[in-house]
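Below is entry38.txt, holding compact mmCIF, N, CA and C atoms.
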```
# COMPACT_ATOMS: atom_id res chain seq x y z
N MET Q 1365 -19.55 25.55 -66.67
CA MET Q 1365 -18.65 24.42 -66.78
C MET Q 1365 -19.06 23.54 -67.96
N LEU Q 1366 -20.35 23.39 -68.14
CA LEU Q 1366 -20.84 22.58 -69.25
C LEU Q 1366 -20.46 23.22 -70.58
N ALA Q 1367 -20.49 24.55 -70.64
CA ALA Q 1367 -20.12 25.25 -71.88
C ALA Q 1367 -18.66 25.00 -72.22
N ILE Q 1368 -17.80 24.98 -71.21
CA ILE Q 1368 -16.38 24.73 -71.43
C ILE Q 1368 -16.18 23.32 -71.98
N ALA Q 1369 -16.87 22.36 -71.40
CA ALA Q 1369 -16.77 20.98 -71.87
C ALA Q 1369 -17.27 20.87 -73.30
N HIS Q 1370 -18.36 21.55 -73.58
CA HIS Q 1370 -18.93 21.52 -74.92
C HIS Q 1370 -17.94 22.11 -75.93
N GLN Q 1371 -17.32 23.24 -75.59
CA GLN Q 1371 -16.34 23.87 -76.49
C GLN Q 1371 -15.15 22.95 -76.74
N SER Q 1372 -14.65 22.33 -75.67
CA SER Q 1372 -13.50 21.45 -75.80
C SER Q 1372 -13.82 20.23 -76.65
N LEU Q 1373 -14.99 19.66 -76.41
CA LEU Q 1373 -15.40 18.51 -77.19
C LEU Q 1373 -15.55 18.87 -78.66
N ARG Q 1374 -16.12 20.03 -78.93
CA ARG Q 1374 -16.28 20.48 -80.32
C ARG Q 1374 -14.90 20.64 -80.99
N LYS Q 1375 -13.92 21.18 -80.27
CA LYS Q 1375 -12.59 21.38 -80.83
C LYS Q 1375 -11.92 20.04 -81.13
N ILE Q 1376 -12.15 19.07 -80.22
CA ILE Q 1376 -11.58 17.74 -80.47
C ILE Q 1376 -12.19 17.14 -81.73
N LEU Q 1377 -13.52 17.23 -81.82
CA LEU Q 1377 -14.21 16.64 -82.97
C LEU Q 1377 -13.87 17.36 -84.26
N ASP Q 1378 -13.63 18.66 -84.19
CA ASP Q 1378 -13.29 19.43 -85.39
C ASP Q 1378 -11.82 19.26 -85.76
N GLY Q 1379 -11.02 18.69 -84.89
CA GLY Q 1379 -9.61 18.48 -85.17
C GLY Q 1379 -8.80 19.76 -85.19
N LYS Q 1380 -9.31 20.84 -84.57
CA LYS Q 1380 -8.61 22.11 -84.60
C LYS Q 1380 -7.47 22.18 -83.59
N LYS Q 1381 -7.52 21.38 -82.54
CA LYS Q 1381 -6.47 21.39 -81.53
C LYS Q 1381 -6.11 19.97 -81.16
N ASP Q 1382 -4.89 19.77 -80.80
CA ASP Q 1382 -4.51 18.45 -80.35
C ASP Q 1382 -4.79 18.30 -78.87
N ALA Q 1383 -4.61 17.11 -78.33
CA ALA Q 1383 -4.98 16.81 -76.95
C ALA Q 1383 -4.22 17.68 -75.94
N ALA Q 1384 -2.93 17.92 -76.17
CA ALA Q 1384 -2.13 18.72 -75.23
C ALA Q 1384 -2.65 20.15 -75.14
N ALA Q 1385 -3.03 20.71 -76.27
CA ALA Q 1385 -3.55 22.08 -76.28
C ALA Q 1385 -4.89 22.16 -75.55
N ILE Q 1386 -5.71 21.15 -75.72
CA ILE Q 1386 -7.01 21.11 -75.05
C ILE Q 1386 -6.80 20.97 -73.55
N GLN Q 1387 -5.87 20.11 -73.12
CA GLN Q 1387 -5.58 19.97 -71.70
C GLN Q 1387 -5.12 21.30 -71.10
N GLN Q 1388 -4.26 22.01 -71.85
CA GLN Q 1388 -3.78 23.30 -71.37
C GLN Q 1388 -4.94 24.29 -71.26
N ALA Q 1389 -5.85 24.27 -72.19
CA ALA Q 1389 -7.01 25.17 -72.15
C ALA Q 1389 -7.87 24.87 -70.92
N TRP Q 1390 -8.04 23.59 -70.63
CA TRP Q 1390 -8.80 23.21 -69.43
C TRP Q 1390 -8.12 23.73 -68.17
N ARG Q 1391 -6.79 23.59 -68.10
CA ARG Q 1391 -6.05 24.08 -66.93
C ARG Q 1391 -6.21 25.60 -66.79
N ASP Q 1392 -6.08 26.31 -67.90
CA ASP Q 1392 -6.21 27.77 -67.87
C ASP Q 1392 -7.59 28.19 -67.40
N ARG Q 1393 -8.59 27.53 -67.92
CA ARG Q 1393 -9.97 27.90 -67.56
C ARG Q 1393 -10.30 27.53 -66.12
N SER Q 1394 -9.76 26.41 -65.63
CA SER Q 1394 -10.06 26.02 -64.26
C SER Q 1394 -9.44 26.99 -63.27
N HIS Q 1395 -8.31 27.60 -63.62
CA HIS Q 1395 -7.69 28.59 -62.73
C HIS Q 1395 -8.36 29.95 -62.85
N ALA Q 1396 -9.07 30.18 -63.91
CA ALA Q 1396 -9.73 31.47 -64.11
C ALA Q 1396 -10.95 31.62 -63.21
N HIS Q 1397 -11.56 30.51 -62.80
CA HIS Q 1397 -12.75 30.55 -61.96
C HIS Q 1397 -12.32 30.39 -60.51
N THR Q 1398 -12.36 31.49 -59.77
CA THR Q 1398 -11.89 31.46 -58.39
C THR Q 1398 -13.02 31.37 -57.37
N LYS Q 1399 -14.26 31.45 -57.81
CA LYS Q 1399 -15.37 31.32 -56.87
C LYS Q 1399 -15.44 29.89 -56.36
N PRO Q 1400 -15.57 29.72 -55.05
CA PRO Q 1400 -15.67 28.35 -54.53
C PRO Q 1400 -17.01 27.73 -54.90
N LEU Q 1401 -16.98 26.45 -55.13
CA LEU Q 1401 -18.20 25.70 -55.42
C LEU Q 1401 -18.66 25.02 -54.15
N TYR Q 1402 -19.91 25.25 -53.76
CA TYR Q 1402 -20.46 24.61 -52.58
C TYR Q 1402 -21.40 23.51 -53.02
N LEU Q 1403 -21.03 22.31 -52.70
CA LEU Q 1403 -21.85 21.16 -53.05
C LEU Q 1403 -22.60 20.71 -51.81
N PHE Q 1404 -23.53 19.82 -51.98
CA PHE Q 1404 -24.32 19.30 -50.87
C PHE Q 1404 -23.39 18.68 -49.84
N SER Q 1405 -23.57 19.07 -48.59
CA SER Q 1405 -22.78 18.51 -47.51
C SER Q 1405 -23.70 18.24 -46.33
N GLN Q 1406 -23.85 16.98 -45.99
CA GLN Q 1406 -24.72 16.59 -44.88
C GLN Q 1406 -24.21 17.19 -43.57
N GLU Q 1407 -22.90 17.23 -43.41
CA GLU Q 1407 -22.33 17.78 -42.17
C GLU Q 1407 -22.66 19.26 -42.02
N ILE Q 1408 -22.58 20.01 -43.11
CA ILE Q 1408 -22.89 21.45 -43.06
C ILE Q 1408 -24.36 21.64 -42.73
N GLU Q 1409 -25.23 20.85 -43.34
CA GLU Q 1409 -26.66 20.99 -43.07
C GLU Q 1409 -26.99 20.62 -41.63
N GLU Q 1410 -26.35 19.58 -41.10
CA GLU Q 1410 -26.59 19.20 -39.71
C GLU Q 1410 -26.11 20.29 -38.76
N GLU Q 1411 -24.98 20.91 -39.08
CA GLU Q 1411 -24.47 22.00 -38.24
C GLU Q 1411 -25.40 23.20 -38.28
N GLN Q 1412 -25.89 23.54 -39.47
CA GLN Q 1412 -26.84 24.65 -39.59
C GLN Q 1412 -28.13 24.34 -38.84
N ALA Q 1413 -28.58 23.11 -38.92
CA ALA Q 1413 -29.79 22.71 -38.20
C ALA Q 1413 -29.57 22.84 -36.70
N GLY Q 1414 -28.43 22.43 -36.22
CA GLY Q 1414 -28.12 22.56 -34.80
C GLY Q 1414 -28.11 24.01 -34.34
N THR Q 1415 -27.56 24.87 -35.16
CA THR Q 1415 -27.55 26.31 -34.84
C THR Q 1415 -28.97 26.84 -34.75
N LEU Q 1416 -29.81 26.45 -35.71
CA LEU Q 1416 -31.21 26.87 -35.69
C LEU Q 1416 -31.94 26.34 -34.47
N ALA Q 1417 -31.64 25.12 -34.07
CA ALA Q 1417 -32.28 24.53 -32.89
C ALA Q 1417 -31.89 25.29 -31.63
N TYR Q 1418 -30.62 25.64 -31.50
CA TYR Q 1418 -30.20 26.43 -30.33
C TYR Q 1418 -30.88 27.80 -30.33
N GLN Q 1419 -31.01 28.40 -31.50
CA GLN Q 1419 -31.72 29.68 -31.60
C GLN Q 1419 -33.18 29.51 -31.20
N ALA Q 1420 -33.77 28.41 -31.61
CA ALA Q 1420 -35.18 28.14 -31.27
C ALA Q 1420 -35.35 28.00 -29.75
N ILE Q 1421 -34.44 27.30 -29.11
CA ILE Q 1421 -34.52 27.15 -27.66
C ILE Q 1421 -34.39 28.50 -26.98
N ARG Q 1422 -33.49 29.34 -27.49
CA ARG Q 1422 -33.33 30.68 -26.92
C ARG Q 1422 -34.62 31.48 -27.07
N GLU Q 1423 -35.22 31.42 -28.26
CA GLU Q 1423 -36.48 32.15 -28.50
C GLU Q 1423 -37.58 31.64 -27.56
N ALA Q 1424 -37.66 30.33 -27.40
CA ALA Q 1424 -38.69 29.76 -26.52
C ALA Q 1424 -38.47 30.20 -25.08
N THR Q 1425 -37.23 30.22 -24.66
CA THR Q 1425 -36.92 30.64 -23.30
C THR Q 1425 -37.33 32.10 -23.06
N LEU Q 1426 -37.27 32.89 -24.12
CA LEU Q 1426 -37.68 34.29 -24.04
C LEU Q 1426 -39.19 34.47 -24.21
N GLY Q 1427 -39.91 33.37 -24.40
CA GLY Q 1427 -41.35 33.44 -24.57
C GLY Q 1427 -41.79 33.72 -26.00
N LYS Q 1428 -40.88 33.66 -26.94
CA LYS Q 1428 -41.19 33.91 -28.35
C LYS Q 1428 -41.45 32.56 -29.04
N TYR Q 1429 -42.59 31.98 -28.71
CA TYR Q 1429 -42.90 30.62 -29.16
C TYR Q 1429 -43.07 30.50 -30.66
N THR Q 1430 -43.72 31.48 -31.28
CA THR Q 1430 -43.92 31.42 -32.73
C THR Q 1430 -42.59 31.45 -33.46
N GLU Q 1431 -41.68 32.31 -33.01
CA GLU Q 1431 -40.35 32.38 -33.63
C GLU Q 1431 -39.60 31.06 -33.40
N ALA Q 1432 -39.75 30.50 -32.21
CA ALA Q 1432 -39.09 29.23 -31.91
C ALA Q 1432 -39.62 28.11 -32.79
N ILE Q 1433 -40.92 28.09 -33.00
CA ILE Q 1433 -41.53 27.08 -33.89
C ILE Q 1433 -40.95 27.21 -35.29
N SER Q 1434 -40.84 28.42 -35.77
CA SER Q 1434 -40.29 28.66 -37.10
C SER Q 1434 -38.85 28.15 -37.19
N LYS Q 1435 -38.05 28.42 -36.18
CA LYS Q 1435 -36.64 27.97 -36.18
C LYS Q 1435 -36.55 26.44 -36.15
N PHE Q 1436 -37.39 25.81 -35.33
CA PHE Q 1436 -37.36 24.34 -35.30
C PHE Q 1436 -37.82 23.75 -36.63
N ASN Q 1437 -38.82 24.36 -37.26
CA ASN Q 1437 -39.24 23.88 -38.57
C ASN Q 1437 -38.12 23.99 -39.59
N GLN Q 1438 -37.37 25.08 -39.54
CA GLN Q 1438 -36.22 25.24 -40.44
C GLN Q 1438 -35.15 24.19 -40.15
N ALA Q 1439 -34.90 23.94 -38.87
CA ALA Q 1439 -33.91 22.93 -38.49
C ALA Q 1439 -34.33 21.55 -38.99
N ILE Q 1440 -35.61 21.24 -38.86
CA ILE Q 1440 -36.12 19.94 -39.31
C ILE Q 1440 -36.02 19.81 -40.82
N THR Q 1441 -36.20 20.90 -41.53
CA THR Q 1441 -36.04 20.87 -42.99
C THR Q 1441 -34.62 20.44 -43.36
N LEU Q 1442 -33.65 20.87 -42.58
CA LEU Q 1442 -32.26 20.52 -42.86
C LEU Q 1442 -31.86 19.16 -42.32
N ASP Q 1443 -32.46 18.75 -41.20
CA ASP Q 1443 -32.08 17.49 -40.56
C ASP Q 1443 -33.30 16.88 -39.88
N ARG Q 1444 -33.92 15.94 -40.57
CA ARG Q 1444 -35.17 15.33 -40.08
C ARG Q 1444 -34.94 14.16 -39.12
N ASN Q 1445 -33.71 13.92 -38.73
CA ASN Q 1445 -33.41 12.75 -37.92
C ASN Q 1445 -33.11 13.08 -36.47
N ARG Q 1446 -33.50 14.24 -36.00
CA ARG Q 1446 -33.20 14.65 -34.63
C ARG Q 1446 -34.45 14.59 -33.77
N LEU Q 1447 -34.46 13.64 -32.89
CA LEU Q 1447 -35.57 13.46 -31.96
C LEU Q 1447 -35.88 14.74 -31.18
N LEU Q 1448 -34.84 15.39 -30.70
CA LEU Q 1448 -35.04 16.58 -29.87
C LEU Q 1448 -35.73 17.72 -30.61
N TYR Q 1449 -35.51 17.83 -31.90
CA TYR Q 1449 -36.18 18.89 -32.68
C TYR Q 1449 -37.69 18.68 -32.65
N PHE Q 1450 -38.12 17.45 -32.92
CA PHE Q 1450 -39.55 17.15 -32.94
C PHE Q 1450 -40.16 17.23 -31.54
N TRP Q 1451 -39.43 16.77 -30.54
CA TRP Q 1451 -39.93 16.78 -29.18
C TRP Q 1451 -40.14 18.22 -28.70
N ASN Q 1452 -39.17 19.06 -28.92
CA ASN Q 1452 -39.31 20.46 -28.53
C ASN Q 1452 -40.38 21.18 -29.35
N LEU Q 1453 -40.46 20.82 -30.63
CA LEU Q 1453 -41.51 21.41 -31.47
C LEU Q 1453 -42.89 21.04 -30.95
N ALA Q 1454 -43.06 19.80 -30.51
CA ALA Q 1454 -44.34 19.36 -29.94
C ALA Q 1454 -44.68 20.20 -28.72
N ARG Q 1455 -43.72 20.41 -27.85
CA ARG Q 1455 -43.96 21.21 -26.64
C ARG Q 1455 -44.30 22.66 -26.99
N LEU Q 1456 -43.67 23.19 -28.01
CA LEU Q 1456 -43.95 24.57 -28.42
C LEU Q 1456 -45.35 24.69 -29.02
N HIS Q 1457 -45.73 23.72 -29.84
CA HIS Q 1457 -47.09 23.75 -30.40
C HIS Q 1457 -48.13 23.69 -29.28
N ALA Q 1458 -47.85 22.90 -28.26
CA ALA Q 1458 -48.77 22.84 -27.11
C ALA Q 1458 -48.82 24.20 -26.41
N ALA Q 1459 -47.68 24.86 -26.32
CA ALA Q 1459 -47.62 26.16 -25.64
C ALA Q 1459 -48.46 27.22 -26.33
N VAL Q 1460 -48.63 27.09 -27.66
CA VAL Q 1460 -49.45 28.07 -28.40
C VAL Q 1460 -50.83 27.49 -28.71
N ASN Q 1461 -51.22 26.46 -28.00
CA ASN Q 1461 -52.54 25.82 -28.15
C ASN Q 1461 -52.79 25.23 -29.52
N ASN Q 1462 -51.74 24.81 -30.20
CA ASN Q 1462 -51.89 24.16 -31.49
C ASN Q 1462 -51.74 22.65 -31.27
N LEU Q 1463 -52.79 22.05 -30.72
CA LEU Q 1463 -52.73 20.65 -30.32
C LEU Q 1463 -52.59 19.66 -31.47
N PRO Q 1464 -53.24 19.89 -32.63
CA PRO Q 1464 -53.03 18.94 -33.73
C PRO Q 1464 -51.56 18.85 -34.17
N ASP Q 1465 -50.89 20.01 -34.28
CA ASP Q 1465 -49.48 19.98 -34.68
C ASP Q 1465 -48.61 19.43 -33.55
N ALA Q 1466 -49.01 19.67 -32.31
CA ALA Q 1466 -48.28 19.09 -31.18
C ALA Q 1466 -48.32 17.57 -31.26
N LYS Q 1467 -49.49 17.01 -31.50
CA LYS Q 1467 -49.64 15.55 -31.59
C LYS Q 1467 -48.81 15.00 -32.76
N THR Q 1468 -48.85 15.70 -33.89
CA THR Q 1468 -48.06 15.27 -35.05
C THR Q 1468 -46.58 15.25 -34.73
N SER Q 1469 -46.11 16.28 -34.05
CA SER Q 1469 -44.69 16.33 -33.69
C SER Q 1469 -44.33 15.24 -32.69
N TYR Q 1470 -45.22 14.97 -31.74
CA TYR Q 1470 -44.97 13.87 -30.81
C TYR Q 1470 -44.89 12.54 -31.56
N LEU Q 1471 -45.80 12.32 -32.51
CA LEU Q 1471 -45.77 11.08 -33.29
C LEU Q 1471 -44.48 10.96 -34.11
N ASN Q 1472 -44.02 12.07 -34.68
CA ASN Q 1472 -42.76 12.06 -35.42
C ASN Q 1472 -41.59 11.71 -34.49
N ALA Q 1473 -41.61 12.28 -33.29
CA ALA Q 1473 -40.56 11.98 -32.32
C ALA Q 1473 -40.60 10.50 -31.93
N ILE Q 1474 -41.79 9.96 -31.71
CA ILE Q 1474 -41.94 8.54 -31.35
C ILE Q 1474 -41.43 7.65 -32.47
N GLN Q 1475 -41.70 8.01 -33.72
CA GLN Q 1475 -41.19 7.23 -34.85
C GLN Q 1475 -39.67 7.21 -34.85
N LEU Q 1476 -39.06 8.35 -34.56
CA LEU Q 1476 -37.59 8.39 -34.53
C LEU Q 1476 -37.03 7.53 -33.40
N VAL Q 1477 -37.72 7.48 -32.28
CA VAL Q 1477 -37.26 6.65 -31.15
C VAL Q 1477 -37.29 5.18 -31.55
N GLN Q 1478 -38.27 4.77 -32.33
CA GLN Q 1478 -38.38 3.37 -32.73
C GLN Q 1478 -37.18 2.91 -33.54
N HIS Q 1479 -36.47 3.85 -34.16
CA HIS Q 1479 -35.31 3.50 -34.98
C HIS Q 1479 -34.00 3.62 -34.21
N ARG Q 1480 -34.09 4.00 -32.95
CA ARG Q 1480 -32.90 4.15 -32.11
C ARG Q 1480 -32.55 2.83 -31.45
N LYS Q 1481 -31.30 2.73 -31.11
CA LYS Q 1481 -30.82 1.58 -30.33
C LYS Q 1481 -30.10 2.16 -29.13
N GLY Q 1482 -30.31 1.55 -28.02
CA GLY Q 1482 -29.62 2.03 -26.83
C GLY Q 1482 -30.39 1.69 -25.57
N LYS Q 1483 -29.74 1.98 -24.45
CA LYS Q 1483 -30.31 1.64 -23.15
C LYS Q 1483 -31.56 2.45 -22.84
N LYS Q 1484 -31.59 3.71 -23.26
CA LYS Q 1484 -32.68 4.60 -22.87
C LYS Q 1484 -33.86 4.59 -23.84
N THR Q 1485 -33.79 3.81 -24.89
CA THR Q 1485 -34.82 3.86 -25.93
C THR Q 1485 -36.22 3.65 -25.37
N GLU Q 1486 -36.42 2.61 -24.60
CA GLU Q 1486 -37.75 2.32 -24.06
C GLU Q 1486 -38.19 3.40 -23.07
N GLN Q 1487 -37.27 3.89 -22.29
CA GLN Q 1487 -37.57 4.96 -21.34
C GLN Q 1487 -38.00 6.24 -22.07
N ILE Q 1488 -37.33 6.57 -23.15
CA ILE Q 1488 -37.68 7.76 -23.94
C ILE Q 1488 -39.05 7.57 -24.59
N ARG Q 1489 -39.29 6.39 -25.16
CA ARG Q 1489 -40.58 6.11 -25.80
C ARG Q 1489 -41.71 6.25 -24.79
N THR Q 1490 -41.52 5.71 -23.59
CA THR Q 1490 -42.54 5.78 -22.54
C THR Q 1490 -42.79 7.24 -22.15
N ARG Q 1491 -41.72 7.99 -22.01
CA ARG Q 1491 -41.85 9.40 -21.63
C ARG Q 1491 -42.59 10.20 -22.70
N LEU Q 1492 -42.26 9.95 -23.98
CA LEU Q 1492 -42.94 10.64 -25.07
C LEU Q 1492 -44.43 10.29 -25.11
N ASN Q 1493 -44.74 9.02 -24.97
CA ASN Q 1493 -46.15 8.60 -24.99
C ASN Q 1493 -46.92 9.24 -23.84
N LEU Q 1494 -46.34 9.26 -22.67
CA LEU Q 1494 -46.99 9.87 -21.51
C LEU Q 1494 -47.20 11.36 -21.74
N GLU Q 1495 -46.15 12.02 -22.18
CA GLU Q 1495 -46.24 13.46 -22.41
C GLU Q 1495 -47.26 13.79 -23.50
N GLN Q 1496 -47.30 12.97 -24.53
CA GLN Q 1496 -48.25 13.19 -25.63
C GLN Q 1496 -49.69 13.17 -25.12
N HIS Q 1497 -49.97 12.32 -24.16
CA HIS Q 1497 -51.33 12.18 -23.66
C HIS Q 1497 -51.64 13.09 -22.48
N THR Q 1498 -50.66 13.82 -22.02
CA THR Q 1498 -50.88 14.77 -20.92
C THR Q 1498 -50.38 16.16 -21.31
N ILE Q 1499 -50.69 16.57 -22.54
CA ILE Q 1499 -50.26 17.88 -23.04
C ILE Q 1499 -50.86 18.98 -22.18
N HIS Q 1500 -50.05 19.97 -21.92
CA HIS Q 1500 -50.50 21.13 -21.14
C HIS Q 1500 -50.70 22.31 -22.11
N PRO Q 1501 -51.92 22.46 -22.65
CA PRO Q 1501 -52.16 23.54 -23.62
C PRO Q 1501 -51.88 24.91 -23.01
N GLY Q 1502 -51.23 25.74 -23.82
CA GLY Q 1502 -50.95 27.10 -23.39
C GLY Q 1502 -49.84 27.23 -22.38
N GLN Q 1503 -49.09 26.14 -22.16
CA GLN Q 1503 -48.05 26.18 -21.14
C GLN Q 1503 -46.75 25.63 -21.73
N TRP Q 1504 -45.69 26.42 -21.60
CA TRP Q 1504 -44.36 25.96 -22.04
C TRP Q 1504 -43.73 25.23 -20.87
N ILE Q 1505 -43.47 23.95 -21.05
CA ILE Q 1505 -42.94 23.17 -19.93
C ILE Q 1505 -41.42 23.01 -20.01
N GLY Q 1506 -40.79 23.75 -20.89
CA GLY Q 1506 -39.34 23.75 -20.98
C GLY Q 1506 -38.80 22.96 -22.14
N ALA Q 1507 -37.53 23.20 -22.44
CA ALA Q 1507 -36.87 22.54 -23.56
C ALA Q 1507 -36.21 21.25 -23.13
N ILE Q 1508 -36.18 20.31 -24.03
CA ILE Q 1508 -35.42 19.07 -23.87
C ILE Q 1508 -34.12 19.31 -24.62
N THR Q 1509 -33.00 19.23 -23.92
CA THR Q 1509 -31.72 19.49 -24.58
C THR Q 1509 -30.86 18.25 -24.77
N GLU Q 1510 -31.18 17.18 -24.06
CA GLU Q 1510 -30.47 15.92 -24.28
C GLU Q 1510 -31.31 14.75 -23.80
N VAL Q 1511 -31.02 13.59 -24.38
CA VAL Q 1511 -31.71 12.37 -23.98
C VAL Q 1511 -30.72 11.29 -23.62
```
Represent the structure from my file as structure tokens, please.
Amino acid sequence: MLAIAHQSLRKILDGKKDAAAIQQAWRDRSHAHTKPLYLFSQEIEEEQAGTLAYQAIREATLGKYTEAISKFNQAITLDRNRLLYFWNLARLHAAVNNLPDAKTSYLNAIQLVQHRKGKKTEQIRTRLNLEQHTIHPGQWIGAITEV
């Protein structure tokens, strides 16, 4: 696209074509490129993150904790604002005896709760703090699917 703009600008500066001819050239070239352009879309990334999170829960339910951790990490890369991703990731790290990462994920979840507004905010924060201090190493205690 930049090359097309550069060519058009050069033609204008060289005086080889008038404005109408340049406009027509732009129209012709824009129709010649039929590949869709995908730009950054927060909605698409959030949807992809949600799909990965559901896949992670399925993997965890099947006892595939390492795969589930990987899926949640991918989901978090796309959408870092989901409390449930961090909370479930913390539980999965505990299930594989990775307590340092479990604590980190709990702390990330607690930070997200601090930015929430709503009736359940304090209840969620209390539950996260309690769970963080009573981790069950090597044990999957289930997925959190809603708060």
(Q) Please compute the atom CA of Q:Leu1471-atom CA of Q:Ala1413 distance, one decimal, in Å. (A)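 Interatomic distance, atom CA of Q:Leu1471 to atom CA of Q:Ala1413: 20.4 Å.
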Q.
So the first atom is atom N of Q:Asn1461 and the second is atom N of Q:Gln1496; what is the distance between them in Å, to one decimal place?
A.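 Distance reported for this atom pair: 14.5 Å.
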Q: Measure the distance from atom N of Q:Val1477 to atom C of Q:Gly1427 in Å and round it to one decimal.
A: 27.3 Å
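Each of Q:Thr1441, Q:Thr1509, Q:Phe1436, Q:Asp1465 was compared to Q:Glu1409 using all atoms listed in the file, and Q:Thr1441 turns out to be the nearest.
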Q. So which residues touch Q:Phe1450 within 8 Å, counting only N, CA and C atoms, skipping near sequence neighbours fewer than 4 positions away, as a VMD selection string?
A. chain Q and resid 1436 1440 1444 to 1446 1454 to 1456 1468 to 1474
Q. Near Q:Ala1458, within 6.5 Å and counting all atoms listed in the file, which residues show up once chain neighbours fewer than 4 positions away are dropped, as a PyMOL selection string?
A. chain Q and resi 1453-1454+1462-1463+1465-1466+1500-1504
Q. Using only N, CA and C atoms, which residue out of Q:Trp1451, Q:Arg1422, Q:Ala1432, Q:Leu1416 lies closest to Q:Leu1492?
A. Q:Trp1451
Q. Of the residues Q:Ile1488, Q:Ile1433, Q:Ile1505, Q:Leu1476, which is the one nearest to Q:Ala1420, using only N, CA and C atoms?
A.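 Closest candidate: Q:Ile1433.
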Q.
Let's see if you can do this: from backbone DSSP, list all helix (DSSP H, G or I) residues in stretch 1394-1469 of chain Q, as number ranges by chain.
A. Q: 1394-1396, 1406-1425, 1429-1442, 1447-1459, 1463-1469
